[in-house]
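Structure file coords32.csv (CSV, C-alpha atoms) follows.
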chain,number,residue,atom,x,y,z
G,1,MET,CA,-1.5,-8.8,197.0
G,2,ARG,CA,-0.7,-6.9,193.8
G,3,VAL,CA,0.8,-10.0,192.3
G,4,ILE,CA,-2.3,-12.0,193.2
G,5,ALA,CA,-4.5,-9.3,191.8
G,6,TRP,CA,-2.5,-9.3,188.6
G,7,ILE,CA,-2.8,-13.1,188.3
G,8,ALA,CA,-6.4,-12.9,189.0
G,9,CYS,CA,-6.8,-10.3,186.3
G,10,SER,CA,-4.7,-12.2,183.7
G,11,LEU,CA,-6.2,-15.6,184.2
G,12,PRO,CA,-9.4,-15.0,182.3
G,13,LEU,CA,-7.5,-13.5,179.4
G,14,ALA,CA,-5.2,-16.6,179.1
G,15,LEU,CA,-8.2,-19.0,179.3
G,16,THR,CA,-9.8,-17.0,176.5
G,17,VAL,CA,-6.6,-17.3,174.3
G,18,LEU,CA,-6.4,-21.0,174.9
G,19,ALA,CA,-10.1,-21.5,174.1
G,20,GLY,CA,-9.5,-19.5,170.9
G,21,CYS,CA,-6.6,-21.7,169.9
G,22,SER,CA,-8.6,-24.8,170.5
G,23,GLY,CA,-11.5,-23.5,168.5
G,24,ASN,CA,-9.2,-22.6,165.5
G,25,SER,CA,-7.8,-26.2,165.5
G,26,MET,CA,-11.3,-27.7,165.3
G,27,VAL,CA,-12.2,-25.3,162.4
G,28,MET,CA,-9.0,-26.2,160.5
G,29,LYS,CA,-9.7,-29.9,161.0
G,30,GLY,CA,-13.2,-29.5,159.6
G,31,GLN,CA,-11.9,-27.5,156.7
G,32,MET,CA,-9.3,-30.2,155.9
G,33,GLU,CA,-11.9,-32.9,156.0
G,34,GLY,CA,-14.1,-30.8,153.7
G,35,ILE,CA,-11.2,-30.4,151.3
G,36,GLN,CA,-10.4,-34.1,151.3
G,37,GLN,CA,-14.0,-34.9,150.6
G,38,GLN,CA,-14.0,-32.5,147.7
G,39,GLN,CA,-10.8,-34.0,146.4
G,40,ALA,CA,-12.3,-37.5,146.6
G,41,ALA,CA,-15.4,-36.3,144.7
G,42,VAL,CA,-13.3,-34.6,142.1
G,43,ALA,CA,-11.2,-37.8,141.7
G,44,LYS,CA,-14.4,-39.8,141.3
G,45,GLN,CA,-15.8,-37.4,138.7
G,46,ALA,CA,-12.4,-37.5,136.8
G,47,GLN,CA,-12.6,-41.3,136.7
G,48,GLU,CA,-16.2,-41.2,135.4
G,49,LEU,CA,-15.2,-38.7,132.8
G,50,GLN,CA,-12.2,-40.8,131.8
G,51,ALA,CA,-14.4,-43.9,131.5
G,52,ARG,CA,-16.9,-42.0,129.3
G,53,ALA,CA,-14.1,-40.6,127.2
G,54,GLY,CA,-12.8,-44.1,126.6
G,55,ALA,CA,-16.3,-45.3,125.6
G,56,LEU,CA,-16.7,-42.4,123.2
G,57,ASP,CA,-13.3,-43.1,121.7
G,58,ARG,CA,-14.3,-46.8,121.1
G,59,ASP,CA,-17.6,-45.6,119.6
G,60,ASN,CA,-15.7,-43.2,117.3
G,61,GLN,CA,-13.4,-46.0,116.2
G,62,GLU,CA,-16.4,-48.2,115.4
G,63,LEU,CA,-18.1,-45.4,113.5
G,64,GLU,CA,-14.9,-44.8,111.5
G,65,ARG,CA,-14.7,-48.5,110.7
G,66,LEU,CA,-18.3,-48.6,109.5
G,67,LEU,CA,-17.8,-45.4,107.5
G,68,ALA,CA,-14.7,-46.8,105.8
G,69,GLN,CA,-16.6,-50.0,105.1
G,70,SER,CA,-19.5,-48.0,103.7
G,71,ARG,CA,-17.1,-45.9,101.5
G,72,GLN,CA,-15.6,-49.2,100.2
G,73,GLN,CA,-19.0,-50.6,99.3
G,74,ASN,CA,-20.0,-47.3,97.6
G,75,LYS,CA,-16.8,-47.5,95.5
G,76,ILE,CA,-17.6,-51.0,94.5
G,77,ILE,CA,-21.2,-50.0,93.5
G,78,GLU,CA,-19.9,-47.0,91.6
G,79,ASP,CA,-17.4,-49.2,89.7
G,80,GLN,CA,-20.1,-51.7,88.8
G,81,LEU,CA,-22.4,-48.9,87.6
G,82,ALA,CA,-19.5,-47.4,85.5
G,83,MET,CA,-18.9,-50.9,84.0
G,84,VAL,CA,-22.6,-51.3,83.2
G,85,ARG,CA,-22.7,-47.8,81.6
G,86,ASN,CA,-19.7,-48.6,79.5
G,87,GLN,CA,-21.2,-51.9,78.5
G,88,LEU,CA,-24.5,-50.2,77.6
G,89,GLY,CA,-22.6,-47.8,75.4
G,90,GLY,CA,-20.8,-50.6,73.7
G,91,VAL,CA,-24.0,-52.5,73.1
G,92,THR,CA,-25.7,-49.4,71.7
G,93,SER,CA,-22.8,-49.0,69.2
G,94,GLN,CA,-22.9,-52.6,68.3
G,95,LEU,CA,-26.7,-52.6,67.7
G,96,ALA,CA,-26.4,-49.5,65.5
G,97,ARG,CA,-23.7,-51.2,63.4
G,98,VAL,CA,-25.7,-54.4,63.1
G,99,GLN,CA,-28.8,-52.4,62.1
G,100,GLU,CA,-26.9,-50.5,59.6
G,101,ASP,CA,-25.4,-53.7,58.1
G,102,LYS,CA,-28.9,-55.3,58.0
G,103,THR,CA,-30.4,-52.3,56.3
G,104,GLN,CA,-27.6,-52.3,53.7
G,105,THR,CA,-28.1,-56.0,53.1
G,106,GLU,CA,-31.8,-55.7,52.7
G,107,GLU,CA,-31.4,-52.8,50.2
G,108,LYS,CA,-28.9,-54.8,48.2
G,109,ALA,CA,-31.2,-57.9,48.2
G,110,GLN,CA,-34.1,-55.7,47.1
G,111,ALA,CA,-32.1,-54.1,44.3
G,112,LEU,CA,-30.8,-57.5,43.1
G,113,THR,CA,-34.3,-59.0,43.2
G,114,ALA,CA,-35.7,-56.1,41.2
G,115,SER,CA,-32.9,-56.4,38.6
G,116,MET,CA,-33.4,-60.2,38.2
G,117,LYS,CA,-37.1,-59.8,37.8
G,118,ARG,CA,-36.6,-57.2,35.0
G,119,ARG,CA,-34.3,-59.6,33.2
G,120,GLY,CA,-36.5,-62.7,33.3
G,121,GLY,CA,-38.9,-62.9,36.1
G,122,ILE,CA,-36.4,-64.8,38.3
G,123,SER,CA,-36.9,-64.3,42.1
G,124,ILE,CA,-34.5,-64.9,44.9
G,125,SER,CA,-35.5,-66.5,48.1
G,126,PRO,CA,-33.4,-66.5,51.3
G,127,ASN,CA,-31.0,-69.4,51.8
G,128,ASN,CA,-31.8,-71.0,55.2
G,129,SER,CA,-29.9,-74.2,54.5
G,130,TYR,CA,-27.7,-73.5,57.6
G,131,LEU,CA,-30.8,-74.4,59.7
G,132,GLN,CA,-30.6,-78.0,58.6
G,133,THR,CA,-27.5,-78.7,60.7
G,134,LEU,CA,-27.6,-77.9,64.4
G,135,PRO,CA,-24.5,-77.8,66.5
G,136,THR,CA,-23.8,-81.1,68.3
G,137,LEU,CA,-23.3,-80.2,72.0
G,138,ASP,CA,-23.6,-82.8,74.6
G,139,LEU,CA,-22.7,-80.5,77.6
G,140,PRO,CA,-24.5,-80.2,81.0
G,141,GLY,CA,-26.7,-77.1,81.1
G,142,VAL,CA,-26.6,-76.5,77.3
G,143,GLN,CA,-29.5,-76.9,74.9
G,144,VAL,CA,-29.8,-76.2,71.2
G,145,ARG,CA,-33.0,-75.3,69.4
G,146,ARG,CA,-34.3,-73.6,66.3
G,147,ASP,CA,-36.3,-70.4,66.7
G,148,GLY,CA,-37.6,-69.1,63.4
G,149,ASP,CA,-34.6,-68.3,61.2
G,150,VAL,CA,-32.1,-68.4,64.0
G,151,ILE,CA,-30.4,-71.2,66.0
G,152,ARG,CA,-30.2,-70.6,69.8
G,153,VAL,CA,-27.6,-72.3,72.0
G,154,GLU,CA,-28.8,-71.9,75.6
G,155,MET,CA,-26.3,-71.9,78.5
G,156,GLU,CA,-27.9,-72.0,81.9
G,157,ALA,CA,-26.8,-69.1,84.1
G,158,ALA,CA,-26.4,-71.5,87.0
G,159,ARG,CA,-23.6,-73.3,85.1
G,160,LEU,CA,-21.9,-70.0,84.2
G,161,PHE,CA,-22.2,-67.6,87.3
G,162,GLU,CA,-21.9,-67.7,91.0
G,163,PRO,CA,-25.4,-67.5,92.6
G,164,GLY,CA,-27.0,-64.1,92.4
G,165,THR,CA,-23.9,-62.5,90.8
G,166,ILE,CA,-22.3,-61.8,87.5
G,167,ARG,CA,-19.0,-63.5,88.6
G,168,LEU,CA,-18.2,-66.4,86.3
G,169,ARG,CA,-17.6,-69.8,87.9
G,170,SER,CA,-14.2,-71.3,87.6
G,171,GLU,CA,-15.4,-73.9,85.1
G,172,ALA,CA,-17.5,-71.4,83.0
G,173,PRO,CA,-14.8,-70.2,80.6
G,174,ASN,CA,-14.1,-73.8,79.5
G,175,LEU,CA,-17.8,-74.4,78.9
G,176,ILE,CA,-18.2,-71.2,76.9
G,177,THR,CA,-15.1,-72.1,74.8
G,178,GLN,CA,-16.4,-75.6,74.1
G,179,VAL,CA,-19.7,-74.1,72.9
G,180,ALA,CA,-18.0,-71.5,70.7
G,181,THR,CA,-15.6,-74.0,69.2
G,182,GLU,CA,-18.5,-76.3,68.1
G,183,VAL,CA,-20.6,-73.3,66.8
G,184,LEU,CA,-17.6,-71.9,64.8
G,185,HIS,CA,-16.8,-75.3,63.3
G,186,THR,CA,-20.0,-75.1,61.3
G,187,TYR,CA,-21.0,-71.4,61.4
G,188,SER,CA,-17.7,-69.5,61.2
G,189,ASP,CA,-19.1,-66.9,58.8
G,190,ARG,CA,-22.3,-66.1,60.6
G,191,ILE,CA,-23.2,-63.2,62.9
G,192,LEU,CA,-23.5,-64.4,66.5
G,193,GLY,CA,-25.6,-62.8,69.2
G,194,VAL,CA,-24.7,-63.0,72.8
G,195,GLU,CA,-28.1,-62.5,74.5
G,196,GLY,CA,-28.7,-62.4,78.3
G,197,HIS,CA,-32.0,-63.4,79.9
G,198,ILE,CA,-33.2,-63.5,83.5
G,199,GLU,CA,-36.3,-65.0,85.2
G,200,ALA,CA,-39.3,-62.9,86.2
G,201,ASP,CA,-41.3,-63.0,89.5
G,202,PRO,CA,-43.5,-66.1,89.2
G,203,SER,CA,-46.4,-64.4,91.0
G,204,THR,CA,-46.4,-61.1,89.1
G,205,GLY,CA,-44.4,-61.8,86.0
G,206,VAL,CA,-42.5,-58.6,86.6
G,207,VAL,CA,-38.7,-58.4,86.4
G,208,THR,CA,-37.0,-56.8,89.3
G,209,PRO,CA,-35.6,-53.2,88.7
G,210,GLY,CA,-32.3,-53.3,86.9
G,211,GLY,CA,-33.1,-56.7,85.3
G,212,HIS,CA,-32.1,-55.5,81.8
G,213,GLN,CA,-28.8,-54.2,83.1
G,214,PHE,CA,-28.2,-57.4,84.9
G,215,SER,CA,-28.9,-59.5,81.8
G,216,ILE,CA,-26.6,-57.3,79.8
G,217,ALA,CA,-23.8,-57.6,82.4
G,218,GLU,CA,-24.2,-61.4,82.2
G,219,ALA,CA,-24.0,-61.4,78.4
G,220,MET,CA,-21.0,-59.1,78.5
G,221,ALA,CA,-19.2,-61.5,80.8
G,222,VAL,CA,-19.7,-64.3,78.2
G,223,TYR,CA,-18.7,-61.9,75.4
G,224,GLU,CA,-15.4,-61.2,77.1
G,225,VAL,CA,-14.6,-65.0,77.3
G,226,LEU,CA,-15.6,-65.5,73.6
G,227,VAL,CA,-13.2,-62.7,72.5
G,228,ASN,CA,-10.3,-63.2,74.9
G,229,GLN,CA,-10.2,-67.0,75.3
G,230,ALA,CA,-12.3,-68.5,72.5
G,231,ARG,CA,-10.7,-66.0,70.0
G,232,VAL,CA,-14.0,-65.1,68.4
G,233,THR,CA,-13.5,-61.9,66.4
G,234,PRO,CA,-15.5,-59.0,68.0
G,235,LYS,CA,-17.0,-57.9,64.7
G,236,GLN,CA,-18.8,-61.2,64.5
G,237,LEU,CA,-20.6,-60.6,67.8
G,238,PHE,CA,-23.2,-58.3,69.3
G,239,VAL,CA,-24.6,-58.2,72.8
G,240,VAL,CA,-28.2,-57.9,74.0
G,241,GLY,CA,-29.9,-58.0,77.4
G,242,HIS,CA,-33.5,-59.0,77.2
G,243,GLY,CA,-34.2,-59.0,81.0
G,244,GLY,CA,-37.1,-61.3,81.6
G,245,ASN,CA,-39.1,-60.5,78.5
G,246,HIS,CA,-38.5,-63.8,76.6
G,247,PRO,CA,-38.9,-66.8,78.9
G,248,VAL,CA,-38.8,-70.2,77.2
G,249,VAL,CA,-40.9,-71.9,79.8
G,250,SER,CA,-43.1,-70.9,82.7
G,251,ASN,CA,-41.5,-69.2,85.8
G,252,ALA,CA,-44.0,-71.0,88.1
G,253,THR,CA,-41.4,-73.7,89.0
G,254,LEU,CA,-37.8,-73.5,90.3
G,255,GLU,CA,-36.7,-75.6,87.3
G,256,GLY,CA,-38.5,-73.2,84.9
G,257,ARG,CA,-36.9,-70.1,86.5
G,258,GLN,CA,-33.5,-71.8,86.3
G,259,ARG,CA,-33.8,-72.5,82.6
G,260,ASN,CA,-35.2,-69.0,81.9
G,261,ARG,CA,-32.1,-67.4,83.5
G,262,ARG,CA,-29.7,-68.1,80.7
G,263,VAL,CA,-27.2,-66.7,78.2
G,264,GLU,CA,-27.8,-67.7,74.6
G,265,LEU,CA,-25.3,-67.8,71.7
G,266,VAL,CA,-27.6,-67.1,68.8
G,267,ILE,CA,-26.6,-68.0,65.2
G,268,TYR,CA,-28.1,-65.5,62.8
G,269,PRO,CA,-28.6,-65.9,59.0
G,270,ASP,CA,-26.5,-62.8,58.3
G,271,GLN,CA,-23.1,-63.5,57.1
G,272,LEU,CA,-20.0,-61.8,58.4
G,273,ALA,CA,-18.8,-59.0,56.1
G,274,ARG,CA,-15.4,-59.8,54.6
As structure tokens - that is how I would like this structure written.
Amino acid sequence: MRVIAWIACSLPLALTVLAGCSGNSMVMKGQMEGIQQQQAAVAKQAQELQARAGALDRDNQELERLLAQSRQQNKIIEDQLAMVRNQLGGVTSQLARVQEDKTQTEEKAQALTASMKRRGGISISPNNSYLQTLPTLDLPGVQVRRDGDVIRVEMEAARLFEPGTIRLRSEAPNLITQVATEVLHTYSDRILGVEGHIEADPSTGVVTPGGHQFSIAEAMAVYEVLVNQARVTPKQLFVVGHGGNHPVVSNATLEGRQRNRRVELVIYPDQLAR
């Protein structure tokens, strides 16, 4: 009886323990599933973050490429500006020397004229006989004309430069050298101007900003060929950029604008100082 009573008393306790173990197993299973779900969510977030990091890395590489390209373009522009500044400085010096020489020549001529008048009333008039003989140039894109007391040899920019640039065409040095050779054959002792011109807007007549610098740069490109390849002495030359201030024909047509954009080799009456 005592044994039966003990079993009867112990049975509820055992059932309680078993029930508790079963409940703990269910709780642990639920926790494991929750942890697995969290791990899956974390893995998914990690993948998304990795994909975003890859996209950002590609964007950064593209930005670095564009930045490097921009720096290269800025360097090219800075070099071109420096070249134009140097050219302008050289042009200013050349113009000052030419003006000084012209002033001295005029003063000498005035003094000589005054002296001759005092001696017998003889006057001296300028000798423009050099205008009677124009250079013979049968070259495409080249025209020769008188303009007052100077002779102008026009060279179309389209024959000299790549479109919209100051880069000389491959055939341009040969054309410039042929022109210089013919000019020097007759006028080896004259001052020569290398004068750049560009076309103006046909609707407004206004030259785009930087037009004078562009025309100077074109003239300087021709100057370099004259000195380095045609072997013209630098002291015989001076460089001027007129922009679009002196068209020879109307800018209303394509043909007119093409002719107005030109570089002229101008033969002046002033003789080269020996």
- [ ] Extract, using only C-alpha atoms, all DNA, RNA and protein residues at most 7 Å from G:Pro269, discarding same-chain residues fewer than 5 positions from it, and format them as JSON, numbers by chain.
- [x] {"G": [149, 150, 190]}
- [ ] Work out how far apart atom CA of G:Leu265 and atom CA of G:Met155 are and give it in Å to one decimal.
- [x]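 So the answer is 8.0 Å.
If only C-alpha atoms are the atoms counted, then among G:Glu218, G:Glu156, G:Asp270, G:Glu224 the closest residue to G:His242 is G:Glu218.
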Open item on the list: Residues within 12 Å of G:Leu226, please, as a ChimeraX atom specification. Count all atoms listed in the file; anything in the same chain fewer than 4 positions from it doesn't count.
Closed with: /G:172-181,183-184,192-194,219-222,230-239,265
Go ahead and write the residues just picked, C-alpha atoms, as a JSON list (two decimals), in the coordinates of the input.
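File again31.json, as written:
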[["chain", "number", "residue", "atom", "x", "y", "z"],
["G", 172, "ALA", "CA", -17.50, -71.40, 83.00],
["G", 173, "PRO", "CA", -14.80, -70.20, 80.60],
["G", 174, "ASN", "CA", -14.10, -73.80, 79.50],
["G", 175, "LEU", "CA", -17.80, -74.40, 78.90],
["G", 176, "ILE", "CA", -18.20, -71.20, 76.90],
["G", 177, "THR", "CA", -15.10, -72.10, 74.80],
["G", 178, "GLN", "CA", -16.40, -75.60, 74.10],
["G", 179, "VAL", "CA", -19.70, -74.10, 72.90],
["G", 180, "ALA", "CA", -18.00, -71.50, 70.70],
["G", 181, "THR", "CA", -15.60, -74.00, 69.20],
["G", 183, "VAL", "CA", -20.60, -73.30, 66.80],
["G", 184, "LEU", "CA", -17.60, -71.90, 64.80],
["G", 192, "LEU", "CA", -23.50, -64.40, 66.50],
["G", 193, "GLY", "CA", -25.60, -62.80, 69.20],
["G", 194, "VAL", "CA", -24.70, -63.00, 72.80],
["G", 219, "ALA", "CA", -24.00, -61.40, 78.40],
["G", 220, "MET", "CA", -21.00, -59.10, 78.50],
["G", 221, "ALA", "CA", -19.20, -61.50, 80.80],
["G", 222, "VAL", "CA", -19.70, -64.30, 78.20],
["G", 230, "ALA", "CA", -12.30, -68.50, 72.50],
["G", 231, "ARG", "CA", -10.70, -66.00, 70.00],
["G", 232, "VAL", "CA", -14.00, -65.10, 68.40],
["G", 233, "THR", "CA", -13.50, -61.90, 66.40],
["G", 234, "PRO", "CA", -15.50, -59.00, 68.00],
["G", 235, "LYS", "CA", -17.00, -57.90, 64.70],
["G", 236, "GLN", "CA", -18.80, -61.20, 64.50],
["G", 237, "LEU", "CA", -20.60, -60.60, 67.80],
["G", 238, "PHE", "CA", -23.20, -58.30, 69.30],
["G", 239, "VAL", "CA", -24.60, -58.20, 72.80],
["G", 265, "LEU", "CA", -25.30, -67.80, 71.70]]
- [ ] Would you kindly return, as a list in words, each protein, DNA or RNA residue with an atom no farther than 9 Å from any atom of stretch 247-263 of chain G, considering only C-alpha atoms and excluding same-chain residues fewer than 6 positions away?
- [x] Gly141, Val153, Glu154, Met155, Glu156, Ala157, Ala158, Leu160, Val194, Glu195, Gly196, His197, Ile198, Glu199, Ala200, Asp201, Pro202, Ser203, Gly205, Ser215, Glu218, Ala219 and Val222 of chain G
Write the residues you've just listed into a file as a compact mmCIF listing (two decimals), keeping the file's coordinate frame, and include C-alpha atoms for each of them.
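Dumped everything to out_8.txt:
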# COMPACT_ATOMS: atom_id res chain seq x y z
CA GLY G 141 -26.70 -77.10 81.10
CA VAL G 153 -27.60 -72.30 72.00
CA GLU G 154 -28.80 -71.90 75.60
CA MET G 155 -26.30 -71.90 78.50
CA GLU G 156 -27.90 -72.00 81.90
CA ALA G 157 -26.80 -69.10 84.10
CA ALA G 158 -26.40 -71.50 87.00
CA LEU G 160 -21.90 -70.00 84.20
CA VAL G 194 -24.70 -63.00 72.80
CA GLU G 195 -28.10 -62.50 74.50
CA GLY G 196 -28.70 -62.40 78.30
CA HIS G 197 -32.00 -63.40 79.90
CA ILE G 198 -33.20 -63.50 83.50
CA GLU G 199 -36.30 -65.00 85.20
CA ALA G 200 -39.30 -62.90 86.20
CA ASP G 201 -41.30 -63.00 89.50
CA PRO G 202 -43.50 -66.10 89.20
CA SER G 203 -46.40 -64.40 91.00
CA GLY G 205 -44.40 -61.80 86.00
CA SER G 215 -28.90 -59.50 81.80
CA GLU G 218 -24.20 -61.40 82.20
CA ALA G 219 -24.00 -61.40 78.40
CA VAL G 222 -19.70 -64.30 78.20
